[in-house]
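Pasted below: data.tsv, TSV, C-alpha atoms.
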```tsv
chain	number	residue	atom	x	y	z
A	1	MET	CA	172.76	124.10	132.66
A	2	MET	CA	173.10	126.98	130.22
A	3	HIS	CA	170.79	125.21	127.76
A	4	ARG	CA	168.13	124.88	130.46
A	5	VAL	CA	168.36	128.61	131.28
A	6	LEU	CA	168.04	129.53	127.61
A	7	LEU	CA	165.07	127.19	127.25
A	8	PHE	CA	163.39	128.76	130.28
A	9	VAL	CA	163.91	132.29	128.93
A	10	MET	CA	162.50	131.30	125.53
A	11	MET	CA	159.44	129.69	127.12
A	12	PHE	CA	158.91	132.75	129.31
A	13	PHE	CA	158.87	135.16	126.37
A	14	LEU	CA	156.63	132.86	124.34
A	15	CYS	CA	154.17	132.78	127.23
A	16	VAL	CA	154.22	136.56	127.66
A	17	ASN	CA	153.77	137.09	123.92
A	18	SER	CA	150.85	134.64	123.86
A	19	GLN	CA	149.15	136.44	126.76
A	20	ALA	CA	149.65	139.80	125.05
A	21	GLN	CA	148.04	138.47	121.89
A	22	GLU	CA	145.08	137.17	123.88
A	23	THR	CA	144.65	140.51	125.62
A	24	THR	CA	144.79	142.62	122.47
A	25	GLY	CA	142.36	140.18	120.86
A	26	ASP	CA	139.70	141.44	123.27
A	27	GLY	CA	138.27	144.69	121.97
A	28	VAL	CA	137.78	146.12	125.46
A	29	ASP	CA	141.31	145.26	126.60
A	30	ALA	CA	142.76	146.64	123.38
A	31	LEU	CA	140.87	149.89	123.84
A	32	LEU	CA	142.01	150.25	127.46
A	33	ALA	CA	145.59	149.44	126.49
A	34	SER	CA	145.59	152.28	123.95
A	35	MET	CA	144.69	154.90	126.57
A	36	LYS	CA	147.13	157.52	127.85
A	37	ASP	CA	147.29	159.34	131.18
A	38	HIS	CA	144.12	161.35	131.90
A	39	ASP	CA	142.13	159.47	129.24
A	40	LYS	CA	138.71	158.20	130.34
A	41	ALA	CA	136.73	155.27	128.95
A	42	ALA	CA	132.99	154.62	128.97
A	43	LEU	CA	130.48	152.05	127.78
A	44	LEU	CA	127.17	153.34	126.45
A	45	MET	CA	124.34	150.80	126.46
A	46	VAL	CA	121.69	151.67	123.89
A	47	HIS	CA	118.18	150.27	124.34
A	48	PHE	CA	115.05	150.80	122.29
A	49	GLY	CA	113.40	151.32	125.67
A	50	THR	CA	110.11	150.53	127.33
A	51	THR	CA	107.47	152.30	129.42
A	52	TYR	CA	106.79	149.12	131.42
A	53	ASP	CA	108.67	149.19	134.72
A	54	ASP	CA	108.43	145.45	135.34
A	55	THR	CA	110.05	144.33	132.10
A	56	ARG	CA	112.64	147.12	132.28
A	57	ALA	CA	113.73	145.87	135.71
A	58	LYS	CA	114.14	142.32	134.39
A	59	THR	CA	115.95	143.20	131.17
A	60	ILE	CA	117.46	146.66	130.70
A	61	ASP	CA	118.40	147.23	134.34
A	62	VAL	CA	119.83	143.73	134.64
A	63	ILE	CA	122.09	143.91	131.60
A	64	ASN	CA	123.26	147.41	132.54
A	65	GLU	CA	124.32	146.10	135.95
A	66	LYS	CA	125.93	143.03	134.42
A	67	ALA	CA	127.96	145.31	132.15
A	68	ARG	CA	129.11	147.34	135.18
A	69	LYS	CA	130.28	144.22	136.98
A	70	THR	CA	131.92	142.71	133.90
A	71	PHE	CA	133.76	145.89	132.86
A	72	PRO	CA	134.62	147.72	136.11
A	73	ARG	CA	137.15	149.98	134.37
A	74	LEU	CA	134.45	151.46	132.14
A	75	GLU	CA	131.91	154.08	133.15
A	76	VAL	CA	128.60	152.53	132.11
A	77	ARG	CA	125.77	154.77	130.91
A	78	GLU	CA	122.47	154.02	129.15
A	79	SER	CA	120.31	155.66	126.50
A	80	TYR	CA	117.00	154.97	124.75
A	81	SER	CA	116.62	155.16	120.98
A	82	SER	CA	112.81	155.40	120.88
A	83	ARG	CA	111.80	159.07	120.93
A	84	ILE	CA	108.19	158.09	121.64
A	85	ILE	CA	109.15	156.14	124.75
A	86	ILE	CA	111.43	158.95	125.89
A	87	ARG	CA	108.55	161.43	125.61
A	88	ARG	CA	106.14	159.15	127.47
A	89	LEU	CA	108.60	158.57	130.29
A	90	LYS	CA	109.26	162.30	130.55
A	91	THR	CA	105.61	162.87	131.45
A	92	ARG	CA	106.24	160.58	134.43
A	93	GLY	CA	109.34	162.49	135.45
A	94	ILE	CA	111.72	159.85	134.07
A	95	ILE	CA	114.43	161.35	131.87
A	96	LYS	CA	116.33	159.26	129.33
A	97	ASP	CA	118.95	160.49	126.88
A	98	THR	CA	118.96	159.57	123.22
A	99	PRO	CA	122.19	157.86	122.09
A	100	LEU	CA	123.40	161.13	120.53
A	101	GLN	CA	122.65	163.09	123.70
A	102	ALA	CA	124.41	160.49	125.84
A	103	MET	CA	127.51	160.57	123.63
A	104	MET	CA	127.60	164.37	123.70
A	105	ARG	CA	127.26	164.30	127.48
A	106	LEU	CA	130.17	161.85	127.80
A	107	TYR	CA	132.31	164.04	125.57
A	108	ALA	CA	131.46	167.11	127.67
A	109	GLU	CA	132.51	165.18	130.78
A	110	GLY	CA	135.92	164.49	129.34
A	111	TYR	CA	135.57	160.88	128.17
A	112	THR	CA	138.01	160.09	125.38
A	113	HIS	CA	137.36	156.42	124.60
A	114	LEU	CA	133.91	154.97	124.07
A	115	ILE	CA	132.28	151.61	123.41
A	116	VAL	CA	128.67	151.68	122.25
A	117	GLN	CA	126.57	148.53	122.56
A	118	SER	CA	122.91	148.25	121.63
A	119	THR	CA	120.45	145.57	122.71
A	120	ASN	CA	118.85	145.46	119.27
A	121	ILE	CA	117.99	142.01	118.00
A	122	ILE	CA	118.88	142.48	114.33
A	123	GLU	CA	120.89	144.76	112.04
A	124	GLY	CA	117.79	146.79	111.10
A	125	LYS	CA	116.78	150.44	111.00
A	126	GLU	CA	117.63	151.06	114.66
A	127	MET	CA	121.18	149.80	114.18
A	128	ASN	CA	121.58	151.77	110.95
A	129	GLN	CA	120.56	154.94	112.78
A	130	LEU	CA	122.94	154.17	115.65
A	131	ARG	CA	125.84	153.59	113.27
A	132	GLN	CA	125.20	156.98	111.68
A	133	GLU	CA	125.12	158.71	115.07
A	134	VAL	CA	128.35	157.03	116.13
A	135	GLU	CA	130.01	158.29	112.94
A	136	ARG	CA	128.79	161.82	113.70
A	137	MET	CA	130.48	161.66	117.09
A	138	ARG	CA	133.68	159.94	115.98
A	139	PRO	CA	135.68	163.21	115.57
A	140	PHE	CA	135.01	164.11	119.22
A	141	PHE	CA	136.59	160.99	120.73
A	142	LYS	CA	140.03	159.48	120.41
A	143	GLU	CA	138.33	156.19	119.74
A	144	ILE	CA	134.78	154.84	119.42
A	145	ARG	CA	133.92	151.17	119.02
A	146	LEU	CA	130.47	149.85	118.23
A	147	GLY	CA	129.27	146.37	119.18
A	148	ASN	CA	126.96	144.25	117.06
A	149	PRO	CA	123.28	143.42	117.71
A	150	LEU	CA	122.19	140.06	119.11
A	151	LEU	CA	121.90	138.31	115.76
A	152	TYR	CA	124.90	139.33	113.69
A	153	SER	CA	126.57	136.05	112.75
A	154	VAL	CA	125.42	132.52	112.05
A	155	GLU	CA	127.12	131.57	115.32
A	156	ASP	CA	124.93	134.11	117.14
A	157	ALA	CA	121.80	132.69	115.55
A	158	GLN	CA	122.75	129.12	116.43
A	159	GLN	CA	123.44	130.12	120.03
A	160	VAL	CA	120.03	131.78	120.32
A	161	VAL	CA	118.31	128.72	118.88
A	162	ASP	CA	120.08	126.49	121.41
A	163	ILE	CA	119.11	128.81	124.26
A	164	LEU	CA	115.45	128.99	123.26
A	165	SER	CA	115.17	125.22	122.84
A	166	LYS	CA	116.31	124.80	126.45
A	167	HIS	CA	114.14	127.52	127.96
A	168	LEU	CA	110.92	126.75	126.12
A	169	THR	CA	110.01	123.11	125.63
A	170	VAL	CA	106.71	121.72	124.37
A	171	ASN	CA	105.40	118.23	123.60
A	172	ALA	CA	105.37	117.74	119.83
A	173	LYS	CA	103.46	114.46	120.18
A	174	LYS	CA	100.58	116.37	121.77
A	175	LYS	CA	100.58	118.79	118.82
A	176	GLU	CA	102.02	121.62	120.91
A	177	HIS	CA	103.82	124.37	119.03
A	178	VAL	CA	105.91	127.42	119.88
A	179	LEU	CA	105.48	130.68	117.98
A	180	LEU	CA	108.22	133.26	118.50
A	181	VAL	CA	107.03	136.72	117.51
A	182	GLY	CA	109.59	139.31	116.45
A	183	HIS	CA	109.11	142.99	115.69
A	184	GLY	CA	110.20	142.68	112.08
A	185	THR	CA	111.42	145.25	109.57
A	186	ASP	CA	110.88	146.19	105.93
A	187	THR	CA	114.63	146.09	105.25
A	188	PRO	CA	116.59	143.06	104.01
A	189	ALA	CA	117.50	142.37	107.66
A	190	THR	CA	114.11	140.69	108.02
A	191	ALA	CA	115.82	137.61	106.53
A	192	ILE	CA	117.35	136.95	109.96
A	193	TYR	CA	113.95	135.84	111.26
A	194	SER	CA	113.69	133.26	108.48
A	195	GLU	CA	117.20	132.11	109.36
A	196	ILE	CA	116.14	131.50	112.97
A	197	ASP	CA	113.06	129.61	111.76
A	198	TYR	CA	115.21	127.46	109.48
A	199	LEU	CA	117.82	126.74	112.17
A	200	LEU	CA	115.10	125.67	114.60
A	201	LYS	CA	113.71	123.18	112.12
A	202	ALA	CA	117.18	122.02	111.07
A	203	ALA	CA	117.79	121.18	114.73
A	204	GLY	CA	114.74	118.95	114.69
A	205	LEU	CA	112.47	121.50	116.36
A	206	THR	CA	109.86	121.33	113.63
A	207	ASN	CA	107.13	122.55	115.99
A	208	TYR	CA	108.94	125.86	116.57
A	209	HIS	CA	108.01	128.76	114.29
A	210	VAL	CA	108.92	132.42	113.85
A	211	GLY	CA	106.60	135.24	112.82
A	212	THR	CA	106.95	139.03	112.79
A	213	ILE	CA	104.60	141.93	113.36
A	214	GLU	CA	106.09	144.21	110.71
A	215	GLY	CA	108.05	141.96	108.37
A	216	TYR	CA	108.52	138.40	107.17
A	217	PRO	CA	107.71	135.67	108.15
A	218	THR	CA	104.17	136.97	108.68
A	219	PHE	CA	101.39	135.82	110.98
A	220	GLU	CA	99.82	134.00	108.04
A	221	THR	CA	103.10	132.23	107.25
A	222	ALA	CA	103.44	130.91	110.81
A	223	LEU	CA	99.75	129.94	111.05
A	224	GLN	CA	99.97	127.96	107.82
A	225	GLN	CA	102.93	125.97	109.14
A	226	ILE	CA	101.12	125.20	112.40
A	227	GLN	CA	97.96	124.11	110.57
A	228	GLN	CA	99.91	121.94	108.14
A	229	GLN	CA	101.29	120.05	111.13
A	230	LYS	CA	97.80	119.82	112.66
A	231	GLY	CA	98.80	121.79	115.73
A	232	LYS	CA	96.39	122.07	118.63
A	233	THR	CA	98.14	124.29	121.21
A	234	VAL	CA	100.38	127.28	120.53
A	235	VAL	CA	102.72	128.88	123.04
A	236	LEU	CA	103.26	132.54	122.13
A	237	MET	CA	106.54	134.19	123.14
A	238	PRO	CA	107.95	137.58	122.10
A	239	PHE	CA	111.20	137.40	120.15
A	240	MET	CA	112.17	140.83	121.49
A	241	PHE	CA	114.57	142.12	124.13
A	242	VAL	CA	111.79	143.46	126.36
A	243	ALA	CA	108.19	142.35	126.77
A	244	GLY	CA	106.71	145.80	126.22
A	245	ASP	CA	103.90	147.29	124.12
A	246	HIS	CA	104.14	144.78	121.29
A	247	ALA	CA	104.15	141.86	123.72
A	248	ARG	CA	101.23	143.19	125.79
A	249	ASN	CA	99.10	144.31	122.85
A	250	ASP	CA	99.99	142.80	119.46
A	251	ILE	CA	101.02	139.39	120.81
A	252	SER	CA	98.91	138.91	123.95
A	253	GLU	CA	95.76	140.30	122.34
A	254	ASP	CA	95.78	140.44	118.51
A	255	TRP	CA	97.85	137.35	117.70
A	256	LYS	CA	96.24	135.36	120.51
A	257	ARG	CA	92.74	136.23	119.26
A	258	GLN	CA	93.54	135.35	115.66
A	259	LEU	CA	95.03	132.00	116.63
A	260	GLU	CA	91.99	131.18	118.76
A	261	GLU	CA	89.70	132.13	115.88
A	262	ALA	CA	91.64	129.61	113.81
A	263	GLY	CA	90.67	126.93	116.33
A	264	LEU	CA	93.90	126.76	118.33
A	265	GLN	CA	94.41	126.82	122.08
A	266	VAL	CA	96.86	129.56	123.07
A	267	GLU	CA	99.23	129.86	126.01
A	268	LEU	CA	101.18	133.04	126.64
A	269	HIS	CA	104.84	133.06	127.65
A	270	ILE	CA	105.43	136.80	127.88
A	271	VAL	CA	109.13	136.87	128.66
A	272	GLY	CA	111.55	139.24	126.93
A	273	LEU	CA	114.72	137.70	125.50
A	274	GLY	CA	116.62	140.10	127.74
A	275	GLU	CA	115.43	138.17	130.79
A	276	LEU	CA	117.44	135.10	129.80
A	277	PRO	CA	120.97	135.15	131.29
A	278	GLU	CA	122.42	133.33	128.27
A	279	ILE	CA	121.05	136.00	125.93
A	280	GLN	CA	122.56	138.70	128.13
A	281	GLU	CA	125.91	136.92	127.83
A	282	ILE	CA	125.82	137.14	124.03
A	283	PHE	CA	125.60	140.93	124.31
A	284	ILE	CA	128.45	140.91	126.82
A	285	LYS	CA	130.45	138.83	124.34
A	286	HIS	CA	129.76	141.40	121.63
A	287	ILE	CA	131.08	144.15	123.88
A	288	ARG	CA	134.28	142.15	124.36
A	289	GLU	CA	134.57	141.62	120.61
A	290	THR	CA	134.38	145.28	119.61
A	291	GLN	CA	137.17	146.23	117.27
A	292	LYS	CA	138.33	149.35	115.46
A	293	GLU	CA	136.49	150.10	112.24
A	294	ASN	CA	139.74	149.72	110.23
A	295	GLU	CA	140.71	146.34	111.72
```
Can you dump the structure from the file as structure tokens?
Amino acid sequence: MMHRVLLFVMMFFLCVNSQAQETTGDGVDALLASMKDHDKAALLMVHFGTTYDDTRAKTIDVINEKARKTFPRLEVRESYSSRIIIRRLKTRGIIKDTPLQAMMRLYAEGYTHLIVQSTNIIEGKEMNQLRQEVERMRPFFKEIRLGNPLLYSVEDAQQVVDILSKHLTVNAKKKEHVLLVGHGTDTPATAIYSEIDYLLKAAGLTNYHVGTIEGYPTFETALQQIQQQKGKTVVLMPFMFVAGDHARNDISEDWKRQLEEAGLQVELHIVGLGELPEIQEIFIKHIRETQKENE
């Protein structure tokens, strides 16, 4: 009988210890567990932003609300990183804080613990700027944790490829192709777009291509691939969180016209990545995974 009691006690403590390890493995839970009486925690969502109300409602507003429901113990705020968009919205009476302003406001309101999560696609200039601003504010908070952009690991990239292949299907036998158009960057982070292109083709999706407006792969790179495969129809989709200015102008007009001039039929699928629930979940996962800088 005594052996059974001892065995039960040992199993109980092993179970408790296992649960504790699982909890502290979650960046959000670990942050909340470190808080003392009167401490306050917040989650700051950082978006590039958009002036288009329709795409904002389907992307930014949706993921903000999903974050509120997923993390009810965190005060959820938002900010826009594009100063141009902030100025344009201000003329319409819509006020948005920059990330730095939002962090300063949270500090002034007595928040002590902060998680910052952007909806950037890659680790480019926007993320570099955000990391610098978080470091500037680090002395004012007991703890700040910063989540990663959508495409940070190979696992992230593979997940995105799987999601896109399910949401956007075309008939390769009929020479139909998909062209995903990203914003692009002139930093080394532009390599992520080539990684997505490679992973698509490695998965057998040889009629899927990636191009960027301001980086590599270029429009010419993608067009060459489509022509080499004797494509006839191209479905254009923005590889961006929101379907804003670039989607309405560069993609829907400029890229569409150039493809048609090259003799291709073009269909538009103007849907921001942020509209896809599975993409939203990757950002939620990144919030959960936030860890201290020194861990």
Fill in: Atomic separation - CA of Val62 in chain A relative to CA of Val170 in chain A, Å
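Result for CA of Val170 in chain A versus CA of Val62 in chain A: 27.6 Å, one decimal.
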Quick one: contact table of range 172-257 of chain A to range 114-133 of chain A, 10 Å max, nearest atom pair and distance in Å to one decimal per residue, counting only C-alpha atoms, chain and number order, as JSON lines?
```
{"residue": "A:Gly182", "atom": "CA", "partner": "A:Ile121", "partner_atom": "CA", "distance": 9.0}
{"residue": "A:His183", "atom": "CA", "partner": "A:Ile121", "partner_atom": "CA", "distance": 9.2}
{"residue": "A:Gly184", "atom": "CA", "partner": "A:Gly124", "partner_atom": "CA", "distance": 8.7}
{"residue": "A:Thr185", "atom": "CA", "partner": "A:Gly124", "partner_atom": "CA", "distance": 6.7}
{"residue": "A:Asp186", "atom": "CA", "partner": "A:Gly124", "partner_atom": "CA", "distance": 8.7}
{"residue": "A:Thr187", "atom": "CA", "partner": "A:Gly124", "partner_atom": "CA", "distance": 6.7}
{"residue": "A:Pro188", "atom": "CA", "partner": "A:Gly124", "partner_atom": "CA", "distance": 8.1}
{"residue": "A:Ala189", "atom": "CA", "partner": "A:Gly124", "partner_atom": "CA", "distance": 5.6}
{"residue": "A:Thr190", "atom": "CA", "partner": "A:Gly124", "partner_atom": "CA", "distance": 7.8}
{"residue": "A:Ala191", "atom": "CA", "partner": "A:Ile122", "partner_atom": "CA", "distance": 9.7}
{"residue": "A:Ile192", "atom": "CA", "partner": "A:Ile122", "partner_atom": "CA", "distance": 7.2}
{"residue": "A:Tyr193", "atom": "CA", "partner": "A:Ile122", "partner_atom": "CA", "distance": 8.8}
{"residue": "A:Phe239", "atom": "CA", "partner": "A:Ile121", "partner_atom": "CA", "distance": 8.5}
{"residue": "A:Met240", "atom": "CA", "partner": "A:Ile121", "partner_atom": "CA", "distance": 6.9}
{"residue": "A:Phe241", "atom": "CA", "partner": "A:Thr119", "partner_atom": "CA", "distance": 7.0}
{"residue": "A:Val242", "atom": "CA", "partner": "A:Thr119", "partner_atom": "CA", "distance": 9.6}
```
Fill in: Between CA of Pro72 in chain A and CA of Arg138 in chain A, distance in Å (one decimal)
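The value is 23.6 Å.
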Discussion item. Would you pick out the contacts of Lys256 in chain A at 10 Å or less, using all atoms listed in the file, so that residues sharing its chain but fewer than 3 positions from it are not included, and give the list as number ranges by chain?
Written reply: A: 234-236, 249-253, 259-262, 264-268
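Picture a line from CA of Lys142 in chain A to CA of Gly110 in chain A; it runs 11.0 Å.
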Discussion item. Given all atoms listed in the file as the basis, pick out the residue of A:Glu75, A:Asp97, A:Asp254, A:Asp61 nearest to Gln280 in chain A.
Written reply: A:Asp61
Item to complete: Name the closest residue to Leu276 in chain A among the candidates A:Thr59, A:Gln224, A:Thr112, A:Thr50; distances are taken between atoms, counting all atoms listed in the file.
Response: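 Checking each candidate against Leu276 in chain A, we get A:Thr59 as the closest.
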Discussion item. I'd like to know which of A:Thr91, A:Thr233, A:Thr221, A:Thr169 is closest to Leu205 in chain A, using only C-alpha atoms.
Written reply: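 Once distances to Leu205 in chain A are computed over only C-alpha atoms, the minimum belongs to A:Thr169.
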Discussion item. Taking 5 positions as the minimum chain separation for residues in the same chain, which residues sit within 9 Å of Met104 in chain A when counting all atoms listed in the file? Answer as number ranges by chain.
Written reply: A: 99, 109, 137, 140
Worksheet item: Which residue, A:Asp156, A:Asp53, A:Asp197, A:Glu135, has the smallest gap to His286 in chain A when you use only C-alpha atoms?
Response: A:Asp156
Any chance you could work out the axis-aligned box around range 53-63 of chain A, listed atoms only, 6 Å on each side, giving centre and edge lengths in Å to one decimal, as JSON?
```
{"center_x": 115.3, "center_y": 145.8, "center_z": 133.2, "size_x": 25.7, "size_y": 18.9, "size_z": 17.0}
```
For range 37-68 of chain A, write N, CA and C atoms out as a CSV table (one decimal), in the first residue's frame.
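Saved result, out32.csv, follows:
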```csv
chain,number,residue,atom,x,y,z
A,37,ASP,N,2.3,42.0,-8.2
A,37,ASP,CA,1.0,42.8,-7.9
A,37,ASP,C,1.2,44.2,-8.5
A,38,HIS,N,0.1,44.6,-9.1
A,38,HIS,CA,0.0,46.0,-9.7
A,38,HIS,C,0.7,46.1,-11.1
A,39,ASP,N,1.4,45.0,-11.5
A,39,ASP,CA,1.9,45.1,-12.9
A,39,ASP,C,0.8,45.0,-13.9
A,40,LYS,N,1.0,45.5,-15.1
A,40,LYS,CA,0.0,45.5,-16.2
A,40,LYS,C,0.7,45.0,-17.5
A,41,ALA,N,0.0,44.2,-18.2
A,41,ALA,CA,0.6,43.7,-19.4
A,41,ALA,C,-0.2,44.0,-20.7
A,42,ALA,N,0.5,44.3,-21.8
A,42,ALA,CA,-0.2,44.7,-23.0
A,42,ALA,C,0.4,44.0,-24.2
A,43,LEU,N,-0.4,44.0,-25.3
A,43,LEU,CA,0.1,43.5,-26.6
A,43,LEU,C,-0.1,44.6,-27.6
A,44,LEU,N,1.0,45.0,-28.2
A,44,LEU,CA,0.9,46.0,-29.2
A,44,LEU,C,1.0,45.4,-30.6
A,45,MET,N,0.0,45.4,-31.4
A,45,MET,CA,0.0,45.0,-32.8
A,45,MET,C,0.5,46.1,-33.7
A,46,VAL,N,1.5,45.8,-34.5
A,46,VAL,CA,2.1,46.8,-35.3
A,46,VAL,C,1.8,46.5,-36.8
A,47,HIS,N,1.1,47.3,-37.5
A,47,HIS,CA,0.8,47.1,-38.9
A,47,HIS,C,1.4,48.2,-39.8
A,48,PHE,N,1.8,47.9,-41.0
A,48,PHE,CA,2.2,48.9,-41.9
A,48,PHE,C,1.1,49.9,-42.1
A,49,GLY,N,-0.1,49.3,-42.2
A,49,GLY,CA,-1.3,50.2,-42.3
A,49,GLY,C,-1.9,50.2,-43.7
A,50,THR,N,-3.0,50.8,-43.9
A,50,THR,CA,-3.7,51.0,-45.2
A,50,THR,C,-4.7,52.1,-45.1
A,51,THR,N,-4.9,52.8,-46.2
A,51,THR,CA,-6.0,53.8,-46.3
A,51,THR,C,-7.3,53.2,-46.8
A,52,TYR,N,-7.3,51.9,-47.2
A,52,TYR,CA,-8.5,51.3,-47.7
A,52,TYR,C,-9.3,50.6,-46.6
A,53,ASP,N,-10.5,51.1,-46.4
A,53,ASP,CA,-11.3,50.6,-45.3
A,53,ASP,C,-11.7,49.2,-45.4
A,54,ASP,N,-12.0,48.8,-46.7
A,54,ASP,CA,-12.4,47.4,-46.9
A,54,ASP,C,-11.4,46.4,-46.6
A,55,THR,N,-10.1,46.6,-47.0
A,55,THR,CA,-9.1,45.6,-46.7
A,55,THR,C,-8.7,45.7,-45.2
A,56,ARG,N,-8.7,46.8,-44.6
A,56,ARG,CA,-8.4,47.0,-43.2
A,56,ARG,C,-9.4,46.1,-42.4
A,57,ALA,N,-10.7,46.2,-42.7
A,57,ALA,CA,-11.7,45.5,-42.0
A,57,ALA,C,-11.5,44.0,-42.1
A,58,LYS,N,-11.0,43.5,-43.2
A,58,LYS,CA,-10.8,42.1,-43.4
A,58,LYS,C,-9.5,41.5,-42.9
A,59,THR,N,-8.5,42.4,-42.6
A,59,THR,CA,-7.2,42.0,-42.2
A,59,THR,C,-6.8,42.5,-40.8
A,60,ILE,N,-6.5,43.8,-40.8
A,60,ILE,CA,-6.0,44.4,-39.6
A,60,ILE,C,-7.0,44.3,-38.4
A,61,ASP,N,-8.3,44.7,-38.7
A,61,ASP,CA,-9.3,44.6,-37.6
A,61,ASP,C,-9.5,43.2,-37.2
A,62,VAL,N,-9.5,42.3,-38.1
A,62,VAL,CA,-9.8,40.9,-37.8
A,62,VAL,C,-8.7,40.3,-36.9
A,63,ILE,N,-7.4,40.5,-37.2
A,63,ILE,CA,-6.3,39.9,-36.4
A,63,ILE,C,-6.2,40.6,-35.1
A,64,ASN,N,-6.5,41.9,-35.0
A,64,ASN,CA,-6.6,42.6,-33.7
A,64,ASN,C,-7.6,41.9,-32.8
A,65,GLU,N,-8.8,41.7,-33.3
A,65,GLU,CA,-9.8,41.1,-32.5
A,65,GLU,C,-9.5,39.6,-32.2
A,66,LYS,N,-8.8,38.9,-33.1
A,66,LYS,CA,-8.4,37.5,-32.8
A,66,LYS,C,-7.4,37.5,-31.6
A,67,ALA,N,-6.5,38.5,-31.6
A,67,ALA,CA,-5.5,38.6,-30.6
A,67,ALA,C,-6.2,38.9,-29.2
A,68,ARG,N,-7.3,39.8,-29.2
A,68,ARG,CA,-8.0,40.1,-28.0
A,68,ARG,C,-8.6,38.8,-27.4
```
